[in-house]
$ cat input_31.tsv   # TSV, C-alpha atoms
chain	number	residue	atom	x	y	z
A	22	MET	CA	126.56	109.14	108.64
A	23	ARG	CA	124.54	106.55	110.55
A	24	THR	CA	126.32	103.24	111.09
A	25	ILE	CA	125.25	99.91	112.57
A	26	ILE	CA	128.15	97.54	113.26
A	27	ASN	CA	127.87	93.91	114.27
A	28	PRO	CA	129.76	93.60	117.59
A	29	GLU	CA	131.26	90.31	116.39
A	30	TYR	CA	133.15	92.25	113.70
A	31	LYS	CA	134.19	95.39	115.54
A	32	GLN	CA	137.76	94.80	114.31
A	33	TYR	CA	136.59	96.22	110.97
A	34	THR	CA	135.26	99.46	112.47
A	35	SER	CA	137.99	101.61	110.93
A	36	PHE	CA	137.43	100.11	107.47
A	37	ILE	CA	133.65	100.50	107.78
A	38	HIS	CA	133.92	104.20	108.53
A	39	GLN	CA	136.19	104.64	105.49
A	40	ILE	CA	133.82	102.94	103.02
A	41	PRO	CA	132.06	106.08	101.70
A	42	ASN	CA	135.47	107.49	100.73
A	43	ARG	CA	137.11	104.22	99.65
A	44	PHE	CA	134.31	102.59	97.68
A	45	ALA	CA	134.76	104.43	94.38
A	46	GLN	CA	138.50	103.76	94.07
A	47	GLY	CA	139.06	100.53	96.00
A	48	GLY	CA	137.94	96.94	95.94
A	49	THR	CA	137.05	94.66	93.04
A	50	THR	CA	133.71	95.14	91.33
A	51	ILE	CA	131.75	91.87	91.00
A	52	TYR	CA	128.40	93.40	90.01
A	53	GLN	CA	127.43	96.74	88.53
A	54	GLY	CA	123.86	97.58	87.64
A	55	ARG	CA	121.22	99.49	89.52
A	56	ASN	CA	123.47	99.01	92.56
A	57	GLU	CA	127.14	98.09	92.75
A	58	ILE	CA	128.87	95.32	94.68
A	59	LYS	CA	132.59	95.23	95.43
A	60	VAL	CA	134.83	92.83	97.31
A	61	PHE	CA	137.56	94.17	99.59
A	62	ASP	CA	140.40	92.05	100.92
A	63	ILE	CA	141.00	93.17	104.49
A	64	GLU	CA	144.00	91.35	105.94
A	65	GLY	CA	143.04	88.13	104.17
A	66	THR	CA	139.30	88.30	104.85
A	67	LEU	CA	137.03	89.05	101.90
A	68	LEU	CA	134.31	91.56	102.67
A	69	ASN	CA	131.35	92.10	100.36
A	70	VAL	CA	130.21	95.74	100.14
A	71	LYS	CA	126.97	96.60	98.38
A	72	GLN	CA	126.34	100.24	97.53
A	73	TYR	CA	122.67	101.11	97.08
A	74	LYS	CA	122.09	104.00	94.72
A	75	VAL	CA	120.35	107.17	95.89
A	76	PRO	CA	116.60	106.41	95.79
A	77	ILE	CA	114.08	108.50	93.91
A	78	TRP	CA	112.81	111.47	95.90
A	79	ILE	CA	109.61	109.89	97.24
A	80	ASN	CA	111.55	106.83	98.44
A	81	ARG	CA	114.23	109.03	100.01
A	82	LEU	CA	111.45	110.58	102.03
A	83	ALA	CA	109.94	107.22	102.94
A	84	TYR	CA	113.28	105.65	103.91
A	85	THR	CA	114.19	108.66	106.02
A	86	TYR	CA	110.95	108.89	108.00
A	87	LEU	CA	108.63	105.92	107.40
A	88	ARG	CA	110.44	102.62	106.85
A	89	PRO	CA	113.92	101.11	107.21
A	90	PRO	CA	116.21	101.59	104.20
A	91	LYS	CA	117.35	98.58	102.19
A	92	SER	CA	120.77	98.31	103.84
A	93	VAL	CA	119.22	98.31	107.32
A	94	ARG	CA	116.71	95.64	106.30
A	95	ALA	CA	119.45	93.51	104.69
A	96	TYR	CA	121.44	93.68	107.93
A	97	ALA	CA	118.49	92.94	110.22
A	98	TYR	CA	117.08	90.15	108.04
A	99	ALA	CA	120.46	88.44	107.80
A	100	LEU	CA	120.65	88.28	111.58
A	101	LYS	CA	117.08	86.99	111.75
A	102	LEU	CA	117.74	84.30	109.15
A	103	LEU	CA	120.84	83.11	111.00
A	104	ASN	CA	118.95	83.06	114.30
A	105	LEU	CA	116.30	80.87	112.66
A	106	GLY	CA	118.97	78.41	111.55
A	107	PHE	CA	119.27	79.31	107.85
A	108	GLU	CA	122.50	80.24	106.16
A	109	THR	CA	123.33	83.64	104.72
A	110	PRO	CA	126.64	85.56	104.61
A	111	ARG	CA	127.22	86.97	108.07
A	112	PRO	CA	126.27	90.67	108.26
A	113	ILE	CA	128.95	93.10	109.35
A	114	ALA	CA	127.50	96.60	109.03
A	115	SER	CA	124.99	99.00	107.52
A	116	ILE	CA	125.86	102.58	106.59
A	117	LEU	CA	123.42	105.37	105.77
A	118	LEU	CA	124.45	108.72	104.31
A	119	LYS	CA	122.17	111.75	104.17
A	120	ARG	CA	121.95	114.30	101.39
A	121	GLY	CA	119.87	117.41	101.88
A	122	GLY	CA	118.44	115.93	105.07
A	123	LEU	CA	117.17	112.80	103.32
A	124	LEU	CA	118.66	109.37	102.64
A	125	GLY	CA	121.43	109.38	100.05
A	126	LEU	CA	123.80	106.50	99.35
A	127	SER	CA	123.73	103.50	101.66
A	128	TYR	CA	125.90	100.42	102.10
A	129	PHE	CA	125.53	96.87	103.37
A	130	ILE	CA	128.67	94.96	104.36
A	131	SER	CA	128.89	91.22	104.89
A	132	LEU	CA	131.38	88.43	104.60
A	133	GLN	CA	131.88	87.41	100.98
A	134	PRO	CA	129.65	84.37	100.20
A	135	SER	CA	131.59	81.10	100.19
A	136	HIS	CA	129.08	79.08	98.12
A	137	GLU	CA	130.39	79.03	94.56
A	138	ARG	CA	127.24	77.93	92.66
A	139	ASN	CA	123.84	79.52	92.10
A	140	PHE	CA	120.61	78.60	90.35
A	141	TYR	CA	121.45	80.37	87.11
A	142	GLU	CA	123.06	77.11	86.05
A	143	PHE	CA	119.62	75.52	85.63
A	144	GLY	CA	118.93	77.89	82.75
A	145	LYS	CA	120.90	75.58	80.48
A	146	GLY	CA	120.76	71.85	79.89
A	147	GLY	CA	118.50	69.27	81.44
A	148	ILE	CA	118.21	68.05	84.98
A	149	THR	CA	120.00	64.72	84.48
A	150	GLY	CA	122.72	64.39	87.09
A	151	ARG	CA	121.35	67.33	89.08
A	152	GLU	CA	118.14	65.78	90.41
A	153	ASP	CA	119.60	65.60	93.91
A	154	ILE	CA	120.15	69.38	93.95
A	155	ILE	CA	116.56	70.10	92.89
A	156	THR	CA	115.19	67.64	95.43
A	157	ALA	CA	117.28	69.12	98.23
A	158	PHE	CA	116.28	72.62	97.17
A	159	ALA	CA	112.56	71.77	97.25
A	160	ARG	CA	112.91	70.41	100.78
A	161	TYR	CA	114.99	73.40	101.81
A	162	THR	CA	112.32	75.77	100.50
A	163	CYS	CA	109.70	73.81	102.42
A	164	ARG	CA	111.70	74.33	105.62
A	165	LEU	CA	111.97	78.05	104.87
A	166	HIS	CA	108.25	78.40	104.32
A	167	GLU	CA	107.29	76.33	107.34
A	168	ALA	CA	109.60	78.54	109.42
A	169	GLY	CA	107.66	81.59	108.18
A	170	ILE	CA	110.40	82.87	105.86
A	171	TYR	CA	109.47	84.21	102.42
A	172	HIS	CA	112.12	85.66	100.13
A	173	GLN	CA	110.21	87.99	97.82
A	174	ASP	CA	113.01	87.97	95.23
A	175	TYR	CA	113.52	84.21	95.08
A	176	SER	CA	115.48	84.43	91.85
A	177	PRO	CA	118.43	82.33	90.60
A	178	GLY	CA	121.20	84.72	91.61
A	179	ASN	CA	119.94	85.00	95.17
A	180	ILE	CA	120.03	81.25	95.84
A	181	LEU	CA	123.58	79.99	96.39
A	182	PHE	CA	124.57	76.42	97.06
A	183	HIS	CA	127.53	74.18	97.67
A	184	LYS	CA	127.70	70.43	97.17
A	185	GLU	CA	130.08	68.45	99.33
A	186	GLN	CA	130.02	64.70	98.77
A	187	ASN	CA	126.33	63.78	99.25
A	188	LEU	CA	125.36	66.92	101.16
A	189	ILE	CA	124.02	70.12	99.61
A	190	TYR	CA	124.12	73.41	101.50
A	191	PHE	CA	122.07	76.48	100.58
A	192	SER	CA	122.53	80.15	101.36
A	193	LEU	CA	120.33	83.17	100.59
A	194	ILE	CA	121.53	86.63	99.62
A	195	ASP	CA	119.98	89.99	98.70
A	196	LEU	CA	117.71	89.92	101.72
A	197	ASN	CA	116.23	93.41	101.78
A	198	ARG	CA	112.99	92.03	100.30
A	199	MET	CA	111.91	89.47	102.88
A	200	ALA	CA	108.61	88.73	104.58
A	201	PHE	CA	108.10	86.83	107.81
A	202	GLY	CA	104.90	85.07	108.77
A	203	PRO	CA	102.74	82.12	107.71
A	204	VAL	CA	103.36	80.94	104.12
A	205	SER	CA	100.31	79.28	102.59
A	206	LEU	CA	100.65	76.57	99.97
A	207	GLU	CA	99.42	79.00	97.30
A	208	LYS	CA	102.02	81.57	98.30
A	209	GLY	CA	104.66	78.84	98.38
A	210	TYR	CA	103.83	77.74	94.83
A	211	ARG	CA	104.09	81.34	93.64
A	212	ASN	CA	107.53	81.73	95.21
A	213	PHE	CA	109.17	79.58	92.49
A	214	ALA	CA	107.97	81.69	89.54
A	215	ARG	CA	111.22	83.61	88.95
A	216	LEU	CA	113.47	80.56	88.74
A	217	TRP	CA	115.18	79.53	85.52
A	218	GLY	CA	114.71	76.08	84.07
A	219	LYS	CA	112.76	73.90	81.69
A	220	GLU	CA	109.48	72.22	82.50
A	221	ASP	CA	111.14	69.05	83.81
A	222	PHE	CA	112.97	71.15	86.41
A	223	PHE	CA	109.70	72.58	87.69
A	224	ARG	CA	107.87	69.26	87.64
A	225	LEU	CA	110.50	67.64	89.85
A	226	LEU	CA	110.58	70.71	92.07
A	227	ALA	CA	106.78	70.66	92.42
A	228	ARG	CA	106.69	66.95	93.25
A	229	GLU	CA	109.33	67.22	95.96
A	230	TYR	CA	107.96	70.45	97.44
A	231	ALA	CA	104.43	69.03	97.59
A	232	THR	CA	105.70	65.83	99.19
A	233	ALA	CA	107.66	67.79	101.79
A	234	ARG	CA	104.62	69.91	102.69
A	235	GLY	CA	102.13	67.07	102.57
A	236	ALA	CA	100.27	68.62	99.64
A	237	ASP	CA	98.71	67.17	96.50
A	238	ILE	CA	101.41	66.67	93.84
A	239	GLU	CA	99.12	67.22	90.87
A	240	THR	CA	97.79	70.50	92.28
A	241	ALA	CA	101.27	71.70	93.21
A	242	THR	CA	102.58	70.92	89.72
A	243	ARG	CA	99.72	72.71	88.00
A	244	LYS	CA	100.02	75.77	90.25
A	245	ILE	CA	103.80	76.06	90.06
A	246	LEU	CA	103.79	75.75	86.27
A	247	PHE	CA	100.98	78.31	86.07
A	248	TYR	CA	102.87	80.91	88.13
A	249	ARG	CA	106.08	80.17	86.24
A	250	ASP	CA	104.38	80.64	82.85
A	251	GLN	CA	102.55	83.76	84.02
A	252	PHE	CA	105.76	85.45	85.17
A	253	TRP	CA	107.92	84.55	82.16
A	254	HIS	CA	105.27	85.26	79.53
A	255	SER	CA	104.93	88.74	80.99
A	256	TYR	CA	108.71	89.12	81.11
A	257	SER	CA	109.12	88.04	77.46
A	258	LYS	CA	106.86	90.88	76.31
A	259	ARG	CA	109.37	93.38	77.72
A	260	LYS	CA	112.74	91.67	77.35
A	261	GLU	CA	114.46	88.80	75.64
A	262	MET	CA	114.24	85.52	77.55
A	263	PRO	CA	117.51	84.97	79.42
A	264	PHE	CA	117.39	81.15	79.44
A	265	GLU	CA	116.20	78.12	77.49
A	266	TYR	CA	112.44	78.11	78.01
A	267	ASP	CA	109.94	75.41	77.08
$ encode --input "input_31.tsv" --output "C-alpha coordinates"
Amino acid sequence: MRTIINPEYKQYTSFIHQIPNRFAQGGTTIYQGRNEIKVFDIEGTLLNVKQYKVPIWINRLAYTYLRPPKSVRAYAYALKLLNLGFETPRPIASILLKRGGLLGLSYFISLQPSHERNFYEFGKGGITGREDIITAFARYTCRLHEAGIYHQDYSPGNILFHKEQNLIYFSLIDLNRMAFGPVSLEKGYRNFARLWGKEDFFRLLAREYATARGADIETATRKILFYRDQFWHSYSKRKEMPFEYD
(Lines of atoms letter the chains of each structure in order from A and count residues from 1; the text may use other names and numbers.)
(Lines give C-alpha, C1' and ligand atoms only; values in the text may rest on other atoms or scores of the structure.)
Protein backbone atom coordinates (compact mmCIF):
# COMPACT_ATOMS: atom_id res chain seq x y z
CA MET A 1 0.00 0.00 0.00
CA ARG A 2 1.31 3.43 -0.98
CA THR A 3 -0.10 6.30 1.06
CA ILE A 4 0.23 10.08 0.83
CA ILE A 5 -1.06 11.92 3.91
CA ASN A 6 -1.51 15.66 4.24
CA PRO A 7 0.60 16.69 7.27
CA GLU A 8 -2.22 19.01 8.38
CA TYR A 9 -4.40 15.95 8.98
CA LYS A 10 -1.96 13.47 10.47
CA GLN A 11 -4.43 12.89 13.31
CA TYR A 12 -6.36 10.69 10.87
CA THR A 13 -3.38 8.48 10.04
CA SER A 14 -4.78 5.44 11.84
CA PHE A 15 -8.15 5.76 10.08
CA ILE A 16 -6.46 6.26 6.70
CA HIS A 17 -4.48 3.05 7.02
CA GLN A 18 -7.68 1.17 7.92
CA ILE A 19 -9.66 2.37 4.88
CA PRO A 20 -8.99 -0.62 2.57
CA ASN A 21 -10.42 -2.91 5.25
CA ARG A 22 -13.17 -0.60 6.54
CA PHE A 23 -14.55 0.79 3.30
CA ALA A 24 -16.82 -2.11 2.34
CA GLN A 25 -18.60 -2.33 5.70
CA GLY A 26 -18.38 1.18 7.15
CA GLY A 27 -19.45 4.69 6.29
CA THR A 28 -22.53 5.98 4.49
CA THR A 29 -22.69 5.62 0.72
CA ILE A 30 -23.58 8.90 -1.03
CA TYR A 31 -22.73 7.83 -4.58
CA GLN A 32 -22.37 4.44 -6.23
CA GLY A 33 -21.62 4.08 -9.91
CA ARG A 34 -18.38 3.47 -11.73
CA ASN A 35 -16.71 4.50 -8.46
CA GLU A 36 -18.13 4.68 -4.95
CA ILE A 37 -18.12 7.55 -2.45
CA LYS A 38 -18.75 7.15 1.26
CA VAL A 39 -18.82 9.54 4.18
CA PHE A 40 -17.26 8.54 7.50
CA ASP A 41 -17.89 10.38 10.76
CA ILE A 42 -14.58 10.43 12.61
CA GLU A 43 -15.05 12.01 16.04
CA GLY A 44 -17.50 14.56 14.66
CA THR A 45 -15.60 15.37 11.47
CA LEU A 46 -17.08 14.14 8.20
CA LEU A 47 -14.53 12.62 5.84
CA ASN A 48 -15.32 11.93 2.20
CA VAL A 49 -13.72 8.74 0.85
CA LYS A 50 -13.81 7.99 -2.86
CA GLN A 51 -12.93 4.48 -3.97
CA TYR A 52 -11.74 4.25 -7.58
CA LYS A 53 -12.45 0.91 -9.18
CA VAL A 54 -9.64 -1.27 -10.52
CA PRO A 55 -8.76 0.14 -13.97
CA ILE A 56 -8.73 -1.92 -17.13
CA TRP A 57 -5.43 -3.73 -17.71
CA ILE A 58 -3.83 -1.18 -20.04
CA ASN A 59 -4.63 1.65 -17.62
CA ARG A 60 -3.33 -0.37 -14.68
CA LEU A 61 -0.06 -0.57 -16.54
CA ALA A 62 -0.08 3.14 -17.39
CA TYR A 63 -0.97 4.24 -13.85
CA THR A 64 1.71 2.00 -12.38
CA TYR A 65 4.58 3.11 -14.61
CA LEU A 66 3.69 6.10 -16.81
CA ARG A 67 1.33 8.59 -15.17
CA PRO A 68 -0.11 9.41 -11.73
CA PRO A 69 -3.28 7.49 -10.81
CA LYS A 70 -6.55 9.36 -10.36
CA SER A 71 -6.39 9.49 -6.57
CA VAL A 72 -2.88 10.97 -6.66
CA ARG A 73 -3.95 13.59 -9.21
CA ALA A 74 -7.07 14.45 -7.18
CA TYR A 75 -4.89 15.00 -4.11
CA ALA A 76 -2.22 17.04 -5.90
CA TYR A 77 -4.70 19.15 -7.89
CA ALA A 78 -6.70 19.97 -4.76
CA LEU A 79 -3.58 21.36 -3.13
CA LYS A 80 -2.74 23.31 -6.27
CA LEU A 81 -6.24 24.77 -6.52
CA LEU A 82 -6.14 25.88 -2.88
CA ASN A 83 -2.70 27.42 -3.35
CA LEU A 84 -4.07 29.41 -6.29
CA GLY A 85 -6.87 30.76 -4.12
CA PHE A 86 -9.80 28.63 -5.32
CA GLU A 87 -11.97 26.56 -3.04
CA THR A 88 -12.16 22.78 -3.03
CA PRO A 89 -12.62 20.32 -0.13
CA ARG A 90 -9.30 20.08 1.65
CA PRO A 91 -7.38 16.92 0.64
CA ILE A 92 -6.41 14.53 3.39
CA ALA A 93 -4.84 11.48 1.73
CA SER A 94 -4.37 9.27 -1.30
CA ILE A 95 -4.07 5.49 -1.06
CA LEU A 96 -2.88 3.12 -3.79
CA LEU A 97 -3.18 -0.66 -3.59
CA LYS A 98 -1.36 -3.04 -5.91
CA ARG A 99 -2.68 -6.29 -7.33
CA GLY A 100 -0.37 -8.56 -9.23
CA GLY A 101 2.28 -5.84 -9.24
CA LEU A 102 -0.01 -3.30 -10.91
CA LEU A 103 -2.42 -0.67 -9.60
CA GLY A 104 -5.57 -2.11 -8.04
CA LEU A 105 -8.08 -0.16 -5.97
CA SER A 106 -7.24 3.39 -4.98
CA TYR A 107 -8.78 5.94 -2.63
CA PHE A 108 -8.94 9.72 -2.28
CA ILE A 109 -9.88 11.18 1.10
CA SER A 110 -10.95 14.76 1.72
CA LEU A 111 -13.11 16.74 4.07
CA GLN A 112 -16.78 16.35 3.19
CA PRO A 113 -17.88 19.33 1.01
CA SER A 114 -19.81 21.95 2.98
CA HIS A 115 -21.53 23.61 -0.01
CA GLU A 116 -25.05 22.19 -0.18
CA ARG A 117 -26.05 23.19 -3.74
CA ASN A 118 -24.78 22.21 -7.18
CA PHE A 119 -25.55 23.10 -10.77
CA TYR A 120 -27.94 20.21 -11.35
CA GLU A 121 -30.65 22.53 -10.09
CA PHE A 122 -30.47 24.53 -13.33
CA GLY A 123 -31.79 21.52 -15.21
CA LYS A 124 -35.30 22.49 -14.14
CA GLY A 125 -37.20 25.75 -14.28
CA GLY A 126 -36.12 29.09 -15.62
CA ILE A 127 -33.45 31.47 -14.45
CA THR A 128 -35.77 34.01 -12.81
CA GLY A 129 -34.56 34.65 -9.27
CA ARG A 130 -31.26 32.90 -9.95
CA GLU A 131 -29.64 35.40 -12.30
CA ASP A 132 -27.19 36.46 -9.60
CA ILE A 133 -25.88 32.89 -9.29
CA ILE A 134 -25.31 32.59 -13.05
CA THR A 135 -23.62 35.97 -13.20
CA ALA A 136 -21.35 35.15 -10.27
CA PHE A 137 -20.56 31.76 -11.80
CA ALA A 138 -19.58 33.31 -15.15
CA ARG A 139 -17.19 35.68 -13.40
CA TYR A 140 -15.85 32.87 -11.25
CA THR A 141 -15.15 30.77 -14.35
CA CYS A 142 -13.39 33.75 -15.92
CA ARG A 143 -11.11 33.95 -12.87
CA LEU A 144 -10.40 30.22 -13.12
CA HIS A 145 -9.50 30.45 -16.78
CA GLU A 146 -7.38 33.57 -16.38
CA ALA A 147 -5.52 31.77 -13.58
CA GLY A 148 -4.75 28.94 -16.02
CA ILE A 149 -7.16 26.43 -14.46
CA TYR A 150 -9.28 24.23 -16.72
CA HIS A 151 -11.58 21.58 -15.24
CA GLN A 152 -12.02 19.05 -18.02
CA ASP A 153 -15.19 17.63 -16.44
CA TYR A 154 -16.95 20.94 -15.81
CA SER A 155 -20.29 19.26 -15.26
CA PRO A 156 -23.16 20.18 -12.91
CA GLY A 157 -22.30 17.78 -10.09
CA ASN A 158 -18.71 18.98 -9.91
CA ILE A 159 -19.61 22.63 -9.35
CA LEU A 160 -20.82 23.27 -5.80
CA PHE A 161 -21.96 26.59 -4.42
CA HIS A 162 -23.29 28.28 -1.34
CA LYS A 163 -25.24 31.52 -1.16
CA GLU A 164 -24.95 33.60 1.98
CA GLN A 165 -26.86 36.88 1.92
CA ASN A 166 -25.56 38.61 -1.24
CA LEU A 167 -22.38 36.56 -1.57
CA ILE A 168 -22.03 33.36 -3.59
CA TYR A 169 -19.16 30.95 -2.95
CA PHE A 170 -18.08 28.22 -5.37
CA SER A 171 -16.14 25.01 -4.86
CA LEU A 172 -14.90 22.41 -7.36
CA ILE A 173 -14.79 18.66 -6.83
CA ASP A 174 -13.76 15.56 -8.80
CA LEU A 175 -10.43 17.10 -9.72
CA ASN A 176 -8.53 14.20 -11.26
CA ARG A 177 -9.25 15.61 -14.74
CA MET A 178 -7.67 19.06 -14.59
CA ALA A 179 -5.38 20.96 -16.94
CA PHE A 180 -3.18 23.91 -16.05
CA GLY A 181 -1.97 26.48 -18.53
CA PRO A 182 -3.30 29.27 -20.76
CA VAL A 183 -7.04 29.01 -21.50
CA SER A 184 -7.98 30.63 -24.80
CA LEU A 185 -11.40 32.17 -25.35
CA GLU A 186 -12.33 29.28 -27.64
CA LYS A 187 -11.35 26.74 -25.01
CA GLY A 188 -13.22 28.75 -22.40
CA TYR A 189 -16.42 28.72 -24.46
CA ARG A 190 -16.14 24.96 -24.89
CA ASN A 191 -15.79 24.46 -21.13
CA PHE A 192 -19.51 25.19 -20.55
CA ALA A 193 -20.82 22.49 -22.91
CA ARG A 194 -21.67 19.88 -20.25
CA LEU A 195 -23.79 22.17 -18.09
CA TRP A 196 -27.53 21.68 -17.69
CA GLY A 197 -29.95 24.47 -18.49
CA LYS A 198 -32.19 26.05 -21.07
CA GLU A 199 -31.04 28.52 -23.69
CA ASP A 200 -31.70 31.56 -21.47
CA PHE A 201 -29.27 30.14 -18.91
CA PHE A 202 -26.52 29.90 -21.51
CA ARG A 203 -27.24 33.30 -23.03
CA LEU A 204 -26.85 35.02 -19.66
CA LEU A 205 -23.78 32.93 -18.90
CA ALA A 206 -22.22 33.85 -22.27
CA ARG A 207 -22.91 37.56 -21.82
CA GLU A 208 -21.37 37.70 -18.36
CA TYR A 209 -18.39 35.50 -19.24
CA ALA A 210 -17.62 37.56 -22.35
CA THR A 211 -17.91 40.79 -20.39
CA ALA A 212 -15.58 39.48 -17.69
CA ARG A 213 -12.97 38.44 -20.27
CA GLY A 214 -13.33 41.50 -22.45
CA ALA A 215 -14.63 39.45 -25.38
CA ASP A 216 -17.37 40.04 -27.93
CA ILE A 217 -20.75 39.06 -26.44
CA GLU A 218 -22.32 38.00 -29.73
CA THR A 219 -19.40 35.73 -30.60
CA ALA A 220 -19.30 34.25 -27.10
CA THR A 221 -23.04 33.53 -27.19
CA ARG A 222 -22.86 31.86 -30.59
CA LYS A 223 -19.84 29.75 -29.63
CA ILE A 224 -21.16 28.67 -26.23
CA LEU A 225 -24.53 27.67 -27.68
CA PHE A 226 -22.77 25.81 -30.49
CA TYR A 227 -20.63 23.74 -28.11
CA ARG A 228 -23.62 23.15 -25.84
CA ASP A 229 -25.77 21.90 -28.73
CA GLN A 230 -22.95 19.79 -30.14
CA PHE A 231 -22.38 17.98 -26.85
CA TRP A 232 -26.03 17.37 -25.96
CA HIS A 233 -27.13 16.35 -29.45
CA SER A 234 -24.41 13.72 -29.40
CA TYR A 235 -25.43 12.66 -25.90
CA SER A 236 -29.12 12.34 -26.86
CA LYS A 237 -28.25 9.78 -29.54
CA ARG A 238 -26.91 7.46 -26.84
CA LYS A 239 -29.02 8.24 -23.78
CA GLU A 240 -32.18 9.96 -22.68
CA MET A 241 -31.73 13.67 -21.96
CA PRO A 242 -31.44 14.16 -18.20
CA PHE A 243 -32.86 17.71 -18.09
CA GLU A 244 -35.31 20.07 -19.76
CA TYR A 245 -33.61 21.00 -23.02
CA ASP A 246 -34.62 23.66 -25.53
$ closest_residue --input "input_31.tsv" --among "A:Ile51, A:Ala227, A:Leu103, A:Ala83" --to "Ser192 (chain A)" --atoms "only C-alpha atoms"
A:Leu103
$ closest_atom_pairs --input "input_31.tsv" --of "region 56-124 of chain A" --to "region 29-44 of chain A" --cutoff "9 Å" --atoms "all atoms listed in the file" --output "CSV"
residue,atom,partner,partner_atom,distance
A:Lys59,CA,A:Phe44,CA,7.9
A:Ile63,CA,A:Phe36,CA,8.4
A:Val70,CA,A:Phe44,CA,8.4
A:Gln72,CA,A:Phe44,CA,8.3
A:Pro112,CA,A:Tyr30,CA,8.9
A:Ile113,CA,A:Tyr30,CA,6.1
A:Ala114,CA,A:Ile37,CA,7.4
A:Ser115,CA,A:Ile37,CA,8.8
A:Ile116,CA,A:Ile37,CA,8.2
A:Leu118,CA,A:Pro41,CA,8.5
$ closest_residue --input "input_31.tsv" --among "A:Ser135, A:Ser127, A:Asn197, A:Asn104" --to "Ala168 (chain A)" --atoms "all atoms listed in the file"
A:Asn104
$ residues_around --input "input_31.tsv" --residues "Tyr96 (chain A)" --least-positions-apart "2" --cutoff "12 Å" --atoms "all atoms listed in the file" --output "PyMOL selection string"
chain A and resi 24-27+70-71+89-94+98-103+109-116+127-132+194-199
$ residues_around --input "input_31.tsv" --residues "Tyr210 (chain A)" --least-positions-apart "5" --cutoff "12 Å" --atoms "only C-alpha atoms" --output "PyMOL selection string"
chain A and resi 159+162-163+166+171+175+204-205+215-216+223-224+226-231+234+236-238+240-249
$ residues_around --input "input_31.tsv" --residues "Ile148 (chain A)" --least-positions-apart "2" --cutoff "12 Å" --atoms "only C-alpha atoms" --output "list in words"
Glu142, Phe143, Gly144, Lys145, Gly146, Gly150, Arg151, Glu152, Asp153, Ile154, Ile155, Thr156, Trp217, Gly218, Lys219, Glu220, Asp221, Phe222, Phe223, Arg224, Leu225 and Leu226 of chain A
$ closest_residue --input "input_31.tsv" --among "A:Pro177, A:Gly125, A:Gly235, A:Gly147" --to "Pro76 (chain A)" --atoms "only C-alpha atoms"
A:Gly125
$ atom_distance --input "input_31.tsv" --atom1 "CA of Gly48 (chain A)" --atom2 "CA of Leu193 (chain A)"
22.8 Å
$ closest_residue --input "input_31.tsv" --among "A:Leu105, A:Leu188, A:Asn139, A:Thr232" --to "Arg160 (chain A)" --atoms "all atoms listed in the file"
A:Thr232
$ closest_residue --input "input_31.tsv" --among "A:Ile58, A:Leu165, A:Leu68, A:Leu126" --to "Ala200 (chain A)" --atoms "only C-alpha atoms"
A:Leu165
$ closest_residue --input "input_31.tsv" --among "A:Lys119, A:His254, A:Arg88, A:Arg211" --to "Asp174 (chain A)" --atoms "only C-alpha atoms"
A:Arg211
$ build_atoms --input "input_31.tsv" --residues "region 226-237 of chain A" --atoms "all heavy atoms" --output "CSV table (one decimal), in the coordinates of the input"
chain,number,residue,atom,x,y,z
A,226,LEU,N,110.7,69.8,90.9
A,226,LEU,CA,110.6,70.7,92.1
A,226,LEU,C,109.2,70.7,92.7
A,226,LEU,O,109.1,70.6,94.0
A,226,LEU,CB,110.9,72.1,91.6
A,226,LEU,CG,110.9,73.3,92.6
A,226,LEU,CD1,111.9,73.1,93.7
A,226,LEU,CD2,111.1,74.6,91.9
A,227,ALA,N,108.1,70.7,91.9
A,227,ALA,CA,106.8,70.7,92.4
A,227,ALA,C,106.5,69.4,93.2
A,227,ALA,O,105.9,69.4,94.3
A,227,ALA,CB,105.8,70.8,91.3
A,228,ARG,N,106.9,68.2,92.6
A,228,ARG,CA,106.7,67.0,93.2
A,228,ARG,C,107.3,66.9,94.6
A,228,ARG,O,106.7,66.5,95.6
A,228,ARG,CB,107.2,65.8,92.4
A,228,ARG,CG,106.9,64.4,92.9
A,228,ARG,CD,107.6,63.4,92.1
A,228,ARG,NE,109.0,63.3,92.4
A,228,ARG,CZ,109.9,62.7,91.7
A,228,ARG,NH1,109.6,62.1,90.5
A,228,ARG,NH2,111.2,62.6,92.1
A,229,GLU,N,108.6,67.3,94.7
A,229,GLU,CA,109.3,67.2,96.0
A,229,GLU,C,108.8,68.2,97.0
A,229,GLU,O,108.8,68.0,98.2
A,229,GLU,CB,110.8,67.4,95.7
A,229,GLU,CG,111.4,66.3,94.8
A,229,GLU,CD,111.3,64.9,95.5
A,229,GLU,OE1,111.3,64.8,96.7
A,229,GLU,OE2,111.2,63.9,94.7
A,230,TYR,N,108.5,69.4,96.5
A,230,TYR,CA,108.0,70.4,97.4
A,230,TYR,C,106.6,70.0,98.0
A,230,TYR,O,106.4,70.1,99.2
A,230,TYR,CB,107.8,71.8,96.7
A,230,TYR,CG,107.3,72.9,97.6
A,230,TYR,CD1,108.1,73.6,98.5
A,230,TYR,CD2,106.0,73.3,97.4
A,230,TYR,CE1,107.6,74.6,99.3
A,230,TYR,CE2,105.4,74.4,98.2
A,230,TYR,CZ,106.3,75.0,99.2
A,230,TYR,OH,105.7,76.0,99.9
A,231,ALA,N,105.7,69.5,97.1
A,231,ALA,CA,104.4,69.0,97.6
A,231,ALA,C,104.6,67.9,98.6
A,231,ALA,O,103.9,67.8,99.6
A,231,ALA,CB,103.6,68.6,96.4
A,232,THR,N,105.5,67.0,98.3
A,232,THR,CA,105.7,65.8,99.2
A,232,THR,C,106.2,66.3,100.6
A,232,THR,O,105.7,65.9,101.6
A,232,THR,CB,106.7,64.9,98.6
A,232,THR,OG1,106.2,64.4,97.3
A,232,THR,CG2,107.0,63.7,99.5
A,233,ALA,N,107.1,67.3,100.5
A,233,ALA,CA,107.7,67.8,101.8
A,233,ALA,C,106.6,68.5,102.6
A,233,ALA,O,106.6,68.5,103.9
A,233,ALA,CB,108.8,68.7,101.5
A,234,ARG,N,105.6,69.2,102.0
A,234,ARG,CA,104.6,69.9,102.7
A,234,ARG,C,103.3,69.1,102.9
A,234,ARG,O,102.3,69.6,103.4
A,234,ARG,CB,104.3,71.2,102.0
A,234,ARG,CG,105.5,72.2,102.1
A,234,ARG,CD,105.0,73.7,101.9
A,234,ARG,NE,104.2,74.2,103.0
A,234,ARG,CZ,103.8,75.4,103.1
A,234,ARG,NH1,104.1,76.3,102.1
A,234,ARG,NH2,103.0,75.8,104.1
A,235,GLY,N,103.3,67.9,102.4
A,235,GLY,CA,102.1,67.1,102.6
A,235,GLY,C,101.0,67.5,101.7
A,235,GLY,O,99.8,67.4,102.1
A,236,ALA,N,101.3,68.1,100.5
A,236,ALA,CA,100.3,68.6,99.6
A,236,ALA,C,100.1,67.7,98.5
A,236,ALA,O,100.8,66.8,98.2
A,236,ALA,CB,100.7,70.0,99.2
A,237,ASP,N,99.0,68.0,97.7
A,237,ASP,CA,98.7,67.2,96.5
A,237,ASP,C,99.7,67.5,95.4
A,237,ASP,O,99.9,68.7,95.0
A,237,ASP,CB,97.3,67.5,96.0
A,237,ASP,CG,96.9,66.7,94.8
A,237,ASP,OD1,96.7,65.4,94.9
A,237,ASP,OD2,96.8,67.3,93.7
